[in-house]
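Trainee: One file is attached below, structure_23.pdb, containing PDB, C-alpha atoms.
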ATOM      1  CA  MET A   1      20.042  45.246  -6.838
ATOM      2  CA  THR A   2      18.183  42.567  -4.850
ATOM      3  CA  SER A   3      19.896  39.191  -5.009
ATOM      4  CA  LEU A   4      17.888  36.227  -6.255
ATOM      5  CA  PRO A   5      16.780  33.541  -3.792
ATOM      6  CA  THR A   6      18.897  30.404  -3.937
ATOM      7  CA  LEU A   7      16.913  27.288  -4.773
ATOM      8  CA  LEU A   8      18.670  24.014  -4.035
ATOM      9  CA  VAL A   9      17.337  20.968  -5.886
ATOM     10  CA  LEU A  10      18.011  17.422  -4.667
ATOM     11  CA  ASP A  11      18.010  15.856  -8.095
ATOM     12  CA  ALA A  12      16.665  12.654  -9.584
ATOM     13  CA  GLU A  13      16.410  11.551 -13.205
ATOM     14  CA  PRO A  14      14.810  13.072 -15.132
ATOM     15  CA  PRO A  15      15.401  16.469 -13.459
ATOM     16  CA  PRO A  16      12.522  18.913 -12.959
ATOM     17  CA  ARG A  17      11.610  21.444 -15.627
ATOM     18  CA  LEU A  18      12.130  24.801 -13.943
ATOM     19  CA  GLY A  19      12.462  27.040 -16.987
ATOM     20  CA  ARG A  20       9.745  29.371 -15.688
ATOM     21  CA  LEU A  21      12.059  30.301 -12.823
ATOM     22  CA  THR A  22      14.845  31.564 -15.100
ATOM     23  CA  GLY A  23      15.932  34.971 -13.819
ATOM     24  CA  ARG A  24      13.782  34.543 -10.703
ATOM     25  CA  ALA A  25      15.924  32.097  -8.743
ATOM     26  CA  ARG A  26      19.542  31.013  -8.495
ATOM     27  CA  ILE A  27      19.118  27.277  -9.025
ATOM     28  CA  ILE A  28      21.744  24.871  -7.712
ATOM     29  CA  HIS A  29      21.435  21.151  -8.363
ATOM     30  CA  THR A  30      22.918  18.639  -5.962
ATOM     31  CA  ASP A  31      23.107  14.942  -5.298
ATOM     32  CA  ALA A  32      22.779  13.303  -1.906
ATOM     33  CA  ALA A  33      26.547  13.215  -1.338
ATOM     34  CA  HIS A  34      26.891  17.015  -1.515
ATOM     35  CA  LEU A  35      23.578  18.002   0.083
ATOM     36  CA  ALA A  36      24.934  18.660   3.580
ATOM     37  CA  GLU A  37      27.614  21.105   2.408
ATOM     38  CA  ARG A  38      25.169  23.011   0.178
ATOM     39  CA  LEU A  39      22.197  23.249   2.551
ATOM     40  CA  PRO A  40      23.528  26.382   4.345
ATOM     41  CA  THR A  41      23.566  28.305   1.040
ATOM     42  CA  ALA A  42      19.921  27.644   0.178
ATOM     43  CA  ASP A  43      16.837  29.766   0.792
ATOM     44  CA  ALA A  44      14.559  27.005  -0.469
ATOM     45  CA  LEU A  45      14.980  23.281  -1.088
ATOM     46  CA  LEU A  46      13.149  21.158  -3.637
ATOM     47  CA  ILE A  47      13.330  17.442  -2.883
ATOM     48  CA  TRP A  48      12.872  16.041  -6.354
ATOM     49  CA  ASP A  49      14.435  12.721  -5.357
ATOM     50  CA  PHE A  50      11.631  11.822  -2.969
ATOM     51  CA  THR A  51      13.000   8.300  -2.428
ATOM     52  CA  SER A  52      16.142   9.671  -0.801
ATOM     53  CA  HIS A  53      16.679   9.925   2.954
ATOM     54  CA  ALA A  54      19.527  12.402   2.421
ATOM     55  CA  VAL A  55      17.650  15.385   3.861
ATOM     56  CA  ARG A  56      16.896  13.572   7.112
ATOM     57  CA  GLU A  57      20.575  12.721   7.414
ATOM     58  CA  ALA A  58      22.006  16.111   6.343
ATOM     59  CA  TRP A  59      19.615  18.498   8.111
ATOM     60  CA  PRO A  60      21.078  18.203  11.662
ATOM     61  CA  GLY A  61      24.412  19.696  10.519
ATOM     62  CA  ASP A  62      25.856  23.156  11.197
ATOM     63  CA  GLY A  63      24.962  26.432   9.534
ATOM     64  CA  PRO A  64      21.724  28.082   8.387
ATOM     65  CA  ARG A  65      18.947  26.048   6.822
ATOM     66  CA  PRO A  66      16.431  26.792   4.019
ATOM     67  CA  ARG A  67      13.315  28.687   5.074
ATOM     68  CA  TRP A  68      11.142  26.461   2.891
ATOM     69  CA  VAL A  69      11.343  22.779   1.883
ATOM     70  CA  HIS A  70       9.091  21.195  -0.727
ATOM     71  CA  THR A  71       8.975  17.467  -1.427
ATOM     72  CA  ALA A  72       7.600  16.170  -4.721
ATOM     73  CA  SER A  73       5.707  13.439  -2.869
ATOM     74  CA  ALA A  74       2.677  13.004  -0.657
ATOM     75  CA  GLY A  75       4.605  11.397   2.210
ATOM     76  CA  VAL A  76       7.184  13.305   4.259
ATOM     77  CA  ASP A  77       8.569  10.519   6.459
ATOM     78  CA  HIS A  78      11.662  10.227   4.242
ATOM     79  CA  LEU A  79      12.801  13.753   5.127
ATOM     80  CA  MET A  80      11.515  14.445   8.638
ATOM     81  CA  CYS A  81      13.927  14.485  11.552
ATOM     82  CA  PRO A  82      13.632  16.096  15.018
ATOM     83  CA  GLU A  83      15.757  19.073  13.996
ATOM     84  CA  LEU A  84      13.581  19.845  10.976
ATOM     85  CA  ALA A  85      10.359  19.214  12.883
ATOM     86  CA  SER A  86      11.329  21.723  15.593
ATOM     87  CA  SER A  87      12.640  24.381  13.204
ATOM     88  CA  ASP A  88      10.872  27.385  11.676
ATOM     89  CA  THR A  89      11.273  25.941   8.178
ATOM     90  CA  VAL A  90       7.995  25.528   6.296
ATOM     91  CA  VAL A  91       7.502  22.118   4.674
ATOM     92  CA  THR A  92       5.066  21.550   1.790
ATOM     93  CA  ASN A  93       4.181  18.426  -0.178
ATOM     94  CA  ALA A  94       2.658  17.355  -3.485
ATOM     95  CA  ARG A  95      -0.861  16.957  -2.156
ATOM     96  CA  GLY A  96      -3.400  16.802  -4.980
ATOM     97  CA  ILE A  97      -1.230  15.260  -7.692
ATOM     98  CA  PHE A  98      -1.643  11.583  -6.856
ATOM     99  CA  ASP A  99      -5.182  11.395  -5.445
ATOM    100  CA  GLN A 100      -7.208  10.274  -8.445
ATOM    101  CA  PRO A 101      -4.505   8.138 -10.092
ATOM    102  CA  ILE A 102      -4.112   6.129  -6.877
ATOM    103  CA  ALA A 103      -7.888   5.825  -6.533
ATOM    104  CA  GLU A 104      -8.106   4.476 -10.084
ATOM    105  CA  TYR A 105      -5.311   2.013  -9.345
ATOM    106  CA  VAL A 106      -7.157   0.728  -6.286
ATOM    107  CA  ALA A 107     -10.357   0.373  -8.319
ATOM    108  CA  ALA A 108      -8.413  -1.528 -10.984
ATOM    109  CA  LEU A 109      -7.119  -3.952  -8.362
ATOM    110  CA  VAL A 110     -10.603  -4.473  -6.917
ATOM    111  CA  LEU A 111     -12.040  -5.210 -10.359
ATOM    112  CA  ALA A 112      -9.117  -7.412 -11.401
ATOM    113  CA  VAL A 113      -9.368  -9.523  -8.244
ATOM    114  CA  ALA A 114     -13.162  -9.767  -8.314
ATOM    115  CA  LYS A 115     -13.149 -10.856 -11.954
ATOM    116  CA  ASP A 116     -10.118 -13.147 -11.514
ATOM    117  CA  LEU A 117      -8.147 -11.380 -14.262
ATOM    118  CA  PRO A 118      -4.697 -12.546 -13.076
ATOM    119  CA  ARG A 119      -5.805 -16.173 -13.437
ATOM    120  CA  THR A 120      -7.388 -15.449 -16.814
ATOM    121  CA  LEU A 121      -4.039 -14.167 -18.111
ATOM    122  CA  GLU A 122      -2.248 -17.217 -16.713
ATOM    123  CA  LEU A 123      -4.713 -19.585 -18.406
ATOM    124  CA  GLN A 124      -4.368 -17.712 -21.697
ATOM    125  CA  ARG A 125      -0.600 -18.219 -21.609
ATOM    126  CA  GLU A 126      -1.274 -21.919 -20.965
ATOM    127  CA  ARG A 127      -3.835 -22.016 -23.834
ATOM    128  CA  SER A 128      -6.302 -23.425 -21.313
ATOM    129  CA  TRP A 129     -10.058 -22.836 -21.719
ATOM    130  CA  ARG A 130     -11.363 -22.957 -18.147
ATOM    131  CA  HIS A 131     -14.681 -21.348 -17.332
ATOM    132  CA  ARG A 132     -15.004 -19.688 -13.916
ATOM    133  CA  GLU A 133     -17.391 -17.342 -12.144
ATOM    134  CA  GLY A 134     -16.319 -13.887 -11.040
ATOM    135  CA  ARG A 135     -17.525 -11.884  -8.072
ATOM    136  CA  ARG A 136     -19.956  -8.981  -8.290
ATOM    137  CA  VAL A 137     -18.248  -5.794  -7.048
ATOM    138  CA  ALA A 138     -21.412  -3.760  -6.472
ATOM    139  CA  GLY A 139     -22.721  -4.481  -3.012
ATOM    140  CA  THR A 140     -19.356  -5.408  -1.496
ATOM    141  CA  ARG A 141     -17.890  -3.459   1.431
ATOM    142  CA  ALA A 142     -14.620  -1.546   1.672
ATOM    143  CA  CYS A 143     -12.816  -0.141   4.698
ATOM    144  CA  VAL A 144     -10.398   2.652   3.734
ATOM    145  CA  LEU A 145      -7.798   3.807   6.267
ATOM    146  CA  GLY A 146      -6.650   7.371   5.620
ATOM    147  CA  SER A 147      -9.104  10.256   5.402
ATOM    148  CA  GLY A 148      -6.877  12.613   3.422
ATOM    149  CA  PRO A 149      -7.308  13.483  -0.255
ATOM    150  CA  ILE A 150      -6.112  10.059  -1.441
ATOM    151  CA  GLY A 151      -8.425   8.148   0.870
ATOM    152  CA  ARG A 152     -11.375  10.344  -0.061
ATOM    153  CA  ALA A 153     -10.658   9.872  -3.781
ATOM    154  CA  ILE A 154     -10.588   6.090  -3.248
ATOM    155  CA  VAL A 155     -13.962   6.261  -1.502
ATOM    156  CA  ARG A 156     -15.505   8.320  -4.324
ATOM    157  CA  THR A 157     -14.196   5.968  -6.993
ATOM    158  CA  LEU A 158     -15.305   2.787  -5.227
ATOM    159  CA  LYS A 159     -18.728   4.245  -4.550
ATOM    160  CA  ALA A 160     -19.099   4.736  -8.313
ATOM    161  CA  LEU A 161     -18.673   0.963  -8.623
ATOM    162  CA  GLY A 162     -21.426   0.362  -6.102
ATOM    163  CA  VAL A 163     -19.096  -0.502  -3.221
ATOM    164  CA  THR A 164     -20.288   0.430   0.272
ATOM    165  CA  THR A 165     -17.393   2.306   1.863
ATOM    166  CA  ALA A 166     -16.281   3.249   5.364
ATOM    167  CA  LEU A 167     -13.542   5.874   5.746
ATOM    168  CA  VAL A 168     -11.334   5.808   8.858
ATOM    169  CA  GLY A 169      -9.246   8.790   9.963
ATOM    170  CA  ARG A 170      -7.198   9.978  12.915
ATOM    171  CA  VAL A 171     -10.240  11.462  14.649
ATOM    172  CA  PRO A 172     -13.945  10.655  14.118
ATOM    173  CA  ARG A 173     -16.147  13.308  12.514
ATOM    174  CA  THR A 174     -18.990  13.551  10.056
ATOM    175  CA  GLY A 175     -18.457  10.934   7.377
ATOM    176  CA  VAL A 176     -15.257   9.633   8.977
ATOM    177  CA  TYR A 177     -14.841   6.886  11.571
ATOM    178  CA  GLY A 178     -12.126   6.973  14.216
ATOM    179  CA  PRO A 179      -9.377   4.446  15.038
ATOM    180  CA  ALA A 180     -11.584   2.760  17.647
ATOM    181  CA  ASP A 181     -13.906   1.642  14.834
ATOM    182  CA  LEU A 182     -11.200   0.139  12.634
ATOM    183  CA  ASP A 183     -11.284  -3.473  13.842
ATOM    184  CA  ARG A 184     -15.085  -3.631  13.636
ATOM    185  CA  LEU A 185     -15.138  -2.181  10.118
ATOM    186  CA  MET A 186     -12.295  -4.420   8.928
ATOM    187  CA  SER A 187     -14.096  -7.512  10.205
ATOM    188  CA  ARG A 188     -17.037  -6.736   7.897
ATOM    189  CA  ALA A 189     -15.074  -5.579   4.848
ATOM    190  CA  ASP A 190     -14.440  -7.390   1.592
ATOM    191  CA  TRP A 191     -11.689  -4.887   0.747
ATOM    192  CA  VAL A 192      -9.349  -3.320   3.329
ATOM    193  CA  ILE A 193      -7.349  -0.452   1.842
ATOM    194  CA  ALA A 194      -4.442   1.337   3.538
ATOM    195  CA  ALA A 195      -3.897   4.903   2.283
ATOM    196  CA  ALA A 196      -2.675   6.616   5.442
ATOM    197  CA  PRO A 197       0.525   8.611   6.038
ATOM    198  CA  LEU A 198       3.292   7.056   8.093
ATOM    199  CA  THR A 199       3.184   8.328  11.689
ATOM    200  CA  GLU A 200       3.935   6.884  15.111
ATOM    201  CA  GLN A 201       0.289   5.814  15.300
ATOM    202  CA  THR A 202       0.173   4.093  11.891
ATOM    203  CA  ASN A 203       3.609   2.417  11.937
ATOM    204  CA  ARG A 204       3.100  -1.388  11.579
ATOM    205  CA  MET A 205      -0.579  -0.985  12.446
ATOM    206  CA  PHE A 206      -1.523  -3.815  10.072
ATOM    207  CA  ASP A 207      -0.150  -6.609  12.202
ATOM    208  CA  THR A 208      -1.097 -10.145  13.216
ATOM    209  CA  HIS A 209      -4.083  -8.883  15.186
ATOM    210  CA  ARG A 210      -5.449  -6.782  12.324
ATOM    211  CA  PHE A 211      -5.093  -9.514   9.724
ATOM    212  CA  GLY A 212      -6.696 -11.856  12.212
ATOM    213  CA  VAL A 213      -9.911  -9.816  12.415
ATOM    214  CA  MET A 214     -10.383  -9.782   8.634
ATOM    215  CA  GLN A 215     -12.731 -12.178   6.886
ATOM    216  CA  PRO A 216     -11.137 -15.205   5.152
ATOM    217  CA  SER A 217     -12.638 -13.917   1.898
ATOM    218  CA  ALA A 218     -11.244 -10.378   2.317
ATOM    219  CA  PHE A 219      -8.531  -8.747   0.221
ATOM    220  CA  PHE A 220      -5.949  -6.264   1.569
ATOM    221  CA  ILE A 221      -4.448  -3.378  -0.451
ATOM    222  CA  ASN A 222      -1.657  -1.003   0.633
ATOM    223  CA  VAL A 223      -1.060   2.173  -1.387
ATOM    224  CA  GLY A 224       0.029   4.253   1.625
ATOM    225  CA  ARG A 225       3.502   3.606   3.017
ATOM    226  CA  GLY A 226       5.301   0.292   3.258
ATOM    227  CA  GLN A 227       5.848   0.658   6.991
ATOM    228  CA  LEU A 228       2.104   0.616   7.654
ATOM    229  CA  VAL A 229       2.313  -3.167   7.301
ATOM    230  CA  ASP A 230       4.105  -5.769   9.364
ATOM    231  CA  GLU A 231       5.232  -7.748   6.329
ATOM    232  CA  ASP A 232       5.974 -10.889   8.351
ATOM    233  CA  ALA A 233       2.430 -10.798   9.736
ATOM    234  CA  LEU A 234       1.024 -10.396   6.234
ATOM    235  CA  ALA A 235       3.132 -13.321   5.024
ATOM    236  CA  HIS A 236       1.735 -15.468   7.840
ATOM    237  CA  ALA A 237      -1.832 -14.399   7.062
ATOM    238  CA  LEU A 238      -1.495 -15.245   3.371
ATOM    239  CA  THR A 239       0.366 -18.513   3.902
ATOM    240  CA  HIS A 240      -2.223 -19.729   6.407
ATOM    241  CA  ARG A 241      -5.178 -18.457   4.338
ATOM    242  CA  TRP A 242      -6.377 -16.013   7.002
ATOM    243  CA  ILE A 243      -7.267 -13.696   4.113
ATOM    244  CA  ALA A 244      -7.936 -14.344   0.447
ATOM    245  CA  GLY A 245      -5.140 -12.195  -0.926
ATOM    246  CA  ALA A 246      -3.347  -8.848  -0.924
ATOM    247  CA  ALA A 247      -1.799  -6.235  -3.189
ATOM    248  CA  LEU A 248       1.183  -4.139  -2.130
ATOM    249  CA  ASP A 249       2.402  -1.105  -4.052
ATOM    250  CA  VAL A 250       4.713   0.084  -1.252
ATOM    251  CA  PHE A 251       7.247  -1.795   0.867
ATOM    252  CA  THR A 252       9.516  -1.386   3.862
ATOM    253  CA  ALA A 253      12.528  -1.814   1.558
ATOM    254  CA  GLU A 254      12.355  -0.326  -1.939
ATOM    255  CA  PRO A 255      13.209  -1.543  -4.490
ATOM    256  CA  LEU A 256      12.027  -4.880  -3.138
ATOM    257  CA  PRO A 257      15.113  -7.166  -3.090
ATOM    258  CA  GLU A 258      15.010 -10.142  -5.441
ATOM    259  CA  ASP A 259      15.475 -12.541  -2.531
ATOM    260  CA  ASN A 260      12.629 -11.080  -0.451
ATOM    261  CA  PRO A 261      10.140 -13.865   0.409
ATOM    262  CA  LEU A 262       7.207 -11.583  -0.447
ATOM    263  CA  TRP A 263       7.781 -12.368  -4.137
ATOM    264  CA  ASP A 264       6.703 -15.978  -3.608
ATOM    265  CA  LEU A 265       3.718 -15.505  -1.312
ATOM    266  CA  PRO A 266       0.446 -17.062  -2.485
ATOM    267  CA  GLY A 267      -2.244 -14.560  -3.372
ATOM    268  CA  LEU A 268       0.020 -11.487  -3.302
ATOM    269  CA  ILE A 269       0.126  -8.928  -6.129
ATOM    270  CA  ILE A 270       3.319  -6.822  -6.120
ATOM    271  CA  SER A 271       3.734  -3.527  -7.980
ATOM    272  CA  PRO A 272       6.793  -1.216  -7.859
ATOM    273  CA  HIS A 273       5.405   1.880  -6.076
ATOM    274  CA  MET A 274       3.603   3.028  -9.227
ATOM    275  CA  SER A 275      -0.035   3.465  -8.194
ATOM    276  CA  GLY A 276       0.117   7.278  -8.423
ATOM    277  CA  ASP A 277       2.378   7.539 -11.451
ATOM    278  CA  THR A 278       0.592   8.303 -14.708
ATOM    279  CA  VAL A 279       1.815   9.711 -18.014
ATOM    280  CA  GLY A 280       2.914  13.315 -17.399
ATOM    281  CA  TRP A 281       3.040  13.073 -13.598
ATOM    282  CA  ARG A 282       6.526  14.580 -13.349
ATOM    283  CA  ASP A 283       5.425  17.603 -15.364
ATOM    284  CA  GLU A 284       2.478  18.040 -12.993
ATOM    285  CA  LEU A 285       4.843  17.927 -10.030
ATOM    286  CA  GLY A 286       7.108  20.512 -11.643
ATOM    287  CA  THR A 287       4.213  22.838 -12.445
ATOM    288  CA  GLN A 288       2.905  22.539  -8.906
ATOM    289  CA  PHE A 289       6.296  23.460  -7.462
ATOM    290  CA  VAL A 290       6.730  26.480  -9.735
ATOM    291  CA  GLU A 291       3.313  27.777  -8.697
ATOM    292  CA  LEU A 292       4.257  27.312  -5.042
ATOM    293  CA  TYR A 293       7.585  29.059  -5.631
ATOM    294  CA  GLU A 294       5.807  32.038  -7.140
ATOM    295  CA  ARG A 295       3.620  32.315  -4.032
ATOM    296  CA  TRP A 296       6.631  31.969  -1.744
ATOM    297  CA  ALA A 297       8.735  34.524  -3.624
ATOM    298  CA  ALA A 298       5.844  36.998  -3.534
ATOM    299  CA  GLY A 299       5.458  36.584   0.217
ATOM    300  CA  ARG A 300       2.044  34.967  -0.081
ATOM    301  CA  SER A 301       0.919  32.116   2.143
ATOM    302  CA  LEU A 302       1.759  28.635   0.896
ATOM    303  CA  VAL A 303      -0.698  25.791   0.381
ATOM    304  CA  ASN A 304      -0.033  22.118   1.161
ATOM    305  CA  VAL A 305       1.770  23.103   4.373
ATOM    306  CA  VAL A 306       2.668  19.997   6.385
ATOM    307  CA  ASP A 307       2.135  19.812  10.134
ATOM    308  CA  LYS A 308       5.658  18.663  10.925
ATOM    309  CA  LYS A 309       4.675  17.085  14.239
ATOM    310  CA  ARG A 310       1.848  15.046  12.697
ATOM    311  CA  GLY A 311       3.596  14.288   9.413
ATOM    312  CA  TYR A 312       0.851  15.344   6.986
ATOM    313  CA  VAL A 313      -1.184  18.324   5.796
ATOM    314  CA  PRO A 314      -3.938  18.928   8.389
ATOM    315  CA  GLY A 315      -7.514  19.817   7.664
ATOM    316  CA  HIS A 316      -8.798  16.401   6.663
TER     317      HIS A 316
END
Once more with this new file: its structure as structure tokens, please.
Mentor:
Amino acid sequence: MTSLPTLLVLDAEPPPRLGRLTGRARIIHTDAAHLAERLPTADALLIWDFTSHAVREAWPGDGPRPRWVHTASAGVDHLMCPELASSDTVVTNARGIFDQPIAEYVAALVLAVAKDLPRTLELQRERSWRHREGRRVAGTRACVLGSGPIGRAIVRTLKALGVTTALVGRVPRTGVYGPADLDRLMSRADWVIAAAPLTEQTNRMFDTHRFGVMQPSAFFINVGRGQLVDEDALAHALTHRWIAGAALDVFTAEPLPEDNPLWDLPGLIISPHMSGDTVGWRDELGTQFVELYERWAAGRSLVNVVDKKRGYVPGH
């Protein structure tokens, strides 16, 4: 009798629903503390706790390693280490789950800022009737960094609002500008939106220079990775009114500590890494993994395969 593949799950609450795999996999749940000792027993690894860095820390140890790793997230920087990157292990991600929800979140921020909704809510709490004029969104310009599925969904959604968009990717091609165009496009944009993966090239790329080329009336949004932004440079830009404002959904340190000075910056909207999380998103992640598992167990080629050297799924 053929033994069942061993699936190791790095858990988070609530745990994934894997009932469809009953009788088709030997499922072992683990926490970060016991991951290293259990890795050698696993044929496949599901990283359900995608905020954990435990895989990056445990992978270099002794013994065999899973042939396949799936992370229930779009980013893979939390798990990648040189030993994993150079191995034969296939890594897949949750590409496709978060694209439209994040695009809608970005559109909501653009509309809220243009129509001054945060101030409206403040004045309502103060019982203050103060007429103002909002901005027209149609006809404004957006520069979107990150030409993957999330960036493309943001472009589609903003275009529906009448926003003129420019998409910037790792290499220029039809419909996509290259990194050499970024400063020029940012200098003309009303909205600068970061939706790129974290790589050596994108780490801290939004620095003093980049905020300096933006218009004083421009607004910056980061829904990519926290490390795309030099947070001290952003604080300087907001404090000195280099830009009109910013919204961050991701941060270098998460959860954002209560004593972090970002909380008190003028013109900054802070959200707790929730732009892609909509009702039922965990079920979608679980369903996606089960479908990938079925392909893997049947020996079929996997989708959403990450280029481990680049740090994202190629082809966009």
Trainee: Of the residues A:Thr174, A:Thr6, A:Gln288, A:Asn93, which is the one nearest to Thr22 of chain A, using all atoms listed in the file?
Mentor: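 The closest residue to Thr22 of chain A is A:Thr6.
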Trainee: As a check of understanding, name the residues that the PyMOL selection byres ((chain A and resi 272) around 10) selects in the supplied structure, as a PyMOL selection string.
Mentor: chain A and resi 248-251+254-256+270-271+273-275
Trainee: Quick one: everything within 6 Å of segment 134-141 of chain A, counting all atoms listed in the file, minus sequence neighbours fewer than 6 positions away in the same chain. Send it as a PyMOL selection string.
Mentor: chain A and resi 114-115+161-165+189-190
Trainee: At what distance in Å, to one decimal, does atom CA of His70 of chain A lie from atom CA of Ser301 of chain A?
Mentor: 13.9 Å
Trainee: Return as JSON, numbers by chain the set of residues that the PyMOL selection byres ((chain A and resi 155) around 12) yields on the displayed structure.
Mentor: {"A": [99, 100, 102, 103, 104, 106, 107, 141, 142, 143, 144, 145, 146, 147, 148, 149, 150, 151, 152, 153, 154, 156, 157, 158, 159, 160, 161, 162, 163, 164, 165, 166, 167, 168, 175, 176, 191, 192, 193, 194, 195]}
Trainee: Using all atoms listed in the file, give me every residue within 10 Å of (-11.0, -12.8, -4.3) in file coordinates, as a list in words.
Mentor: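 The residues near that point, listed by chain and number, are Val110, Leu111, Ala112, Val113, Ala114, Lys115, Asp116, Gly134, Arg135, Asp190, Trp191, Pro216, Ser217, Ala218, Phe219, Ile243, Ala244, Gly245, Ala246 and Gly267 of chain A.
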Trainee: Looking at A:Gly96, A:Pro118, A:Pro314, A:Gly23, which one is nearest to Val171 of chain A, with distances taken over all atoms listed in the file?
Mentor: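 With all atoms listed in the file as the atom set, the closest residue is A:Pro314.
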Trainee: What does the structure give for the distance between atom CA of Val76 of chain A and atom CA of His209 of chain A, in Å to one decimal?
Mentor: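 Between atom CA of Val76 of chain A and atom CA of His209 of chain A the gap is 27.2 Å.
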Trainee: Tell me which protein, DNA and RNA residues are within 12 Å of Val313 of chain A, counting only C-alpha atoms, leaving out same-chain ones fewer than 3 positions away, and put them as a PyMOL selection string.
Mentor: chain A and resi 74-76+90-96+147-149+196-197+302-310+316
Trainee: Using all atoms listed in the file, can you tell me which of A:Thr120, A:Pro66, A:Arg38, A:Asp49 comes closest to Glu13 of chain A?
Mentor: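 Going through A:Thr120, A:Pro66, A:Arg38, A:Asp49 one by one, the smallest distance to Glu13 of chain A is for A:Asp49.
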Trainee: So which residues touch Val290 of chain A within 8 Å, counting only C-alpha atoms, skipping near sequence neighbours fewer than 2 positions away, as a list in words?
Mentor: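 In the requested format, the answer is Leu18, Arg20, Leu21, Gly286, Thr287, Gln288, Leu292, Tyr293 and Glu294 of chain A.
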Trainee: Could you pull out every residue with an atom within 10 Å of (27.1, 24.1, 9.8), file coordinates, counting all atoms listed in the file, and send them as JSON, numbers by chain?
Mentor: {"A": [36, 37, 38, 39, 40, 59, 60, 61, 62, 63, 64, 65]}
Trainee: Which residue is closest to Leu185 of chain A? Choose from A:Ile269, A:Arg210, A:Thr89, A:Ser73 and count only C-alpha atoms.
Mentor: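 Of all the options, A:Arg210 lies closest to Leu185 of chain A.
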Trainee: Counting only C-alpha atoms, which of A:Thr51, A:Ser86, A:Thr252, A:Thr239 gets nearest to Asn203 of chain A?
Mentor: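 Smallest distance to Asn203 of chain A is found for A:Thr252.
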Trainee: Quick one: apply the PyMOL selection byres ((chain A and resi 204) around 12) to the file and drop the selected residues here as a ChimeraX atom specification.
Mentor: /A:194,196-203,205-211,222,224-234,251-252
Trainee: Excluding Leu4 of chain A and its own-chain neighbours fewer than 2 positions away, which residues fall within 12 Å of it when counting all atoms listed in the file? Please give them as a short mmCIF file (atom, residue, chain, number, x, y, z; two decimals) with C-alpha atoms, in the frame of the given file.
Mentor:
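What ended up in part04.cif:
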data_model
loop_
_atom_site.label_atom_id
_atom_site.label_comp_id
_atom_site.auth_asym_id
_atom_site.auth_seq_id
_atom_site.Cartn_x
_atom_site.Cartn_y
_atom_site.Cartn_z
CA MET A 1 20.04 45.25 -6.84
CA THR A 2 18.18 42.57 -4.85
CA THR A 6 18.90 30.40 -3.94
CA LEU A 7 16.91 27.29 -4.77
CA LEU A 21 12.06 30.30 -12.82
CA THR A 22 14.84 31.56 -15.10
CA GLY A 23 15.93 34.97 -13.82
CA ARG A 24 13.78 34.54 -10.70
CA ALA A 25 15.92 32.10 -8.74
CA ARG A 26 19.54 31.01 -8.49
CA ILE A 27 19.12 27.28 -9.02
CA ALA A 42 19.92 27.64 0.18
CA ASP A 43 16.84 29.77 0.79
CA ALA A 44 14.56 27.00 -0.47
CA ALA A 297 8.74 34.52 -3.62
#
Trainee: Can you tell me which residues surround Arg56 of chain A at a distance of at most 10 Å, considering only C-alpha atoms, apart from same-chain residues fewer than 6 positions away, and format the answer as a list in words?
Mentor: Asp77, His78, Leu79, Met80, Cys81, Pro82, Glu83 and Leu84 of chain A
Trainee: Using C-alpha atoms, can you write the selected residues to a file as an mmCIF file, keeping the file's coordinate frame?
Mentor:
data_model
loop_
_atom_site.group_PDB
_atom_site.id
_atom_site.type_symbol
_atom_site.label_atom_id
_atom_site.label_comp_id
_atom_site.auth_asym_id
_atom_site.auth_seq_id
_atom_site.Cartn_x
_atom_site.Cartn_y
_atom_site.Cartn_z
ATOM 1 C CA ASP A 77 8.569 10.519 6.459
ATOM 2 C CA HIS A 78 11.662 10.227 4.242
ATOM 3 C CA LEU A 79 12.801 13.753 5.127
ATOM 4 C CA MET A 80 11.515 14.445 8.638
ATOM 5 C CA CYS A 81 13.927 14.485 11.552
ATOM 6 C CA PRO A 82 13.632 16.096 15.018
ATOM 7 C CA GLU A 83 15.757 19.073 13.996
ATOM 8 C CA LEU A 84 13.581 19.845 10.976
#
Trainee: If I take atom CA of Tyr177 of chain A and atom CA of Gln215 of chain A, how far is one from the other in Å, to one decimal?
Mentor: 19.7 Å
Trainee: Would you mind telling me which residue in A:Leu268, A:Pro172, A:Glu133, A:Thr41 lies nearest to Ile221 of chain A when using all atoms listed in the file?
Mentor: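 Among A:Leu268, A:Pro172, A:Glu133, A:Thr41, it is A:Leu268 that comes nearest to Ile221 of chain A.
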Trainee: Using the atoms already present, construct N, CA and C atoms for segment 72-77 of chain A and hand them back as a PDB file, keeping the file's coordinate frame.
Mentor:
ATOM      1  N   ALA A  72       8.460  16.547  -3.591  1.00  0.00           N
ATOM      2  CA  ALA A  72       7.600  16.170  -4.721  1.00  0.00           C
ATOM      3  C   ALA A  72       6.964  14.814  -4.452  1.00  0.00           C
ATOM      4  N   SER A  73       6.347  14.684  -3.289  1.00  0.00           N
ATOM      5  CA  SER A  73       5.707  13.439  -2.869  1.00  0.00           C
ATOM      6  C   SER A  73       4.603  13.779  -1.886  1.00  0.00           C
ATOM      7  N   ALA A  74       3.721  12.801  -1.659  1.00  0.00           N
ATOM      8  CA  ALA A  74       2.677  13.004  -0.657  1.00  0.00           C
ATOM      9  C   ALA A  74       3.215  12.757   0.747  1.00  0.00           C
ATOM     10  N   GLY A  75       4.037  11.719   0.910  1.00  0.00           N
ATOM     11  CA  GLY A  75       4.605  11.397   2.210  1.00  0.00           C
ATOM     12  C   GLY A  75       5.808  12.265   2.527  1.00  0.00           C
ATOM     13  N   VAL A  76       6.043  12.495   3.829  1.00  0.00           N
ATOM     14  CA  VAL A  76       7.184  13.305   4.259  1.00  0.00           C
ATOM     15  C   VAL A  76       8.084  12.546   5.233  1.00  0.00           C
ATOM     16  N   ASP A  77       7.795  11.275   5.477  1.00  0.00           N
ATOM     17  CA  ASP A  77       8.569  10.519   6.459  1.00  0.00           C
ATOM     18  C   ASP A  77      10.023  10.350   6.042  1.00  0.00           C
TER      19      ASP A  77
END
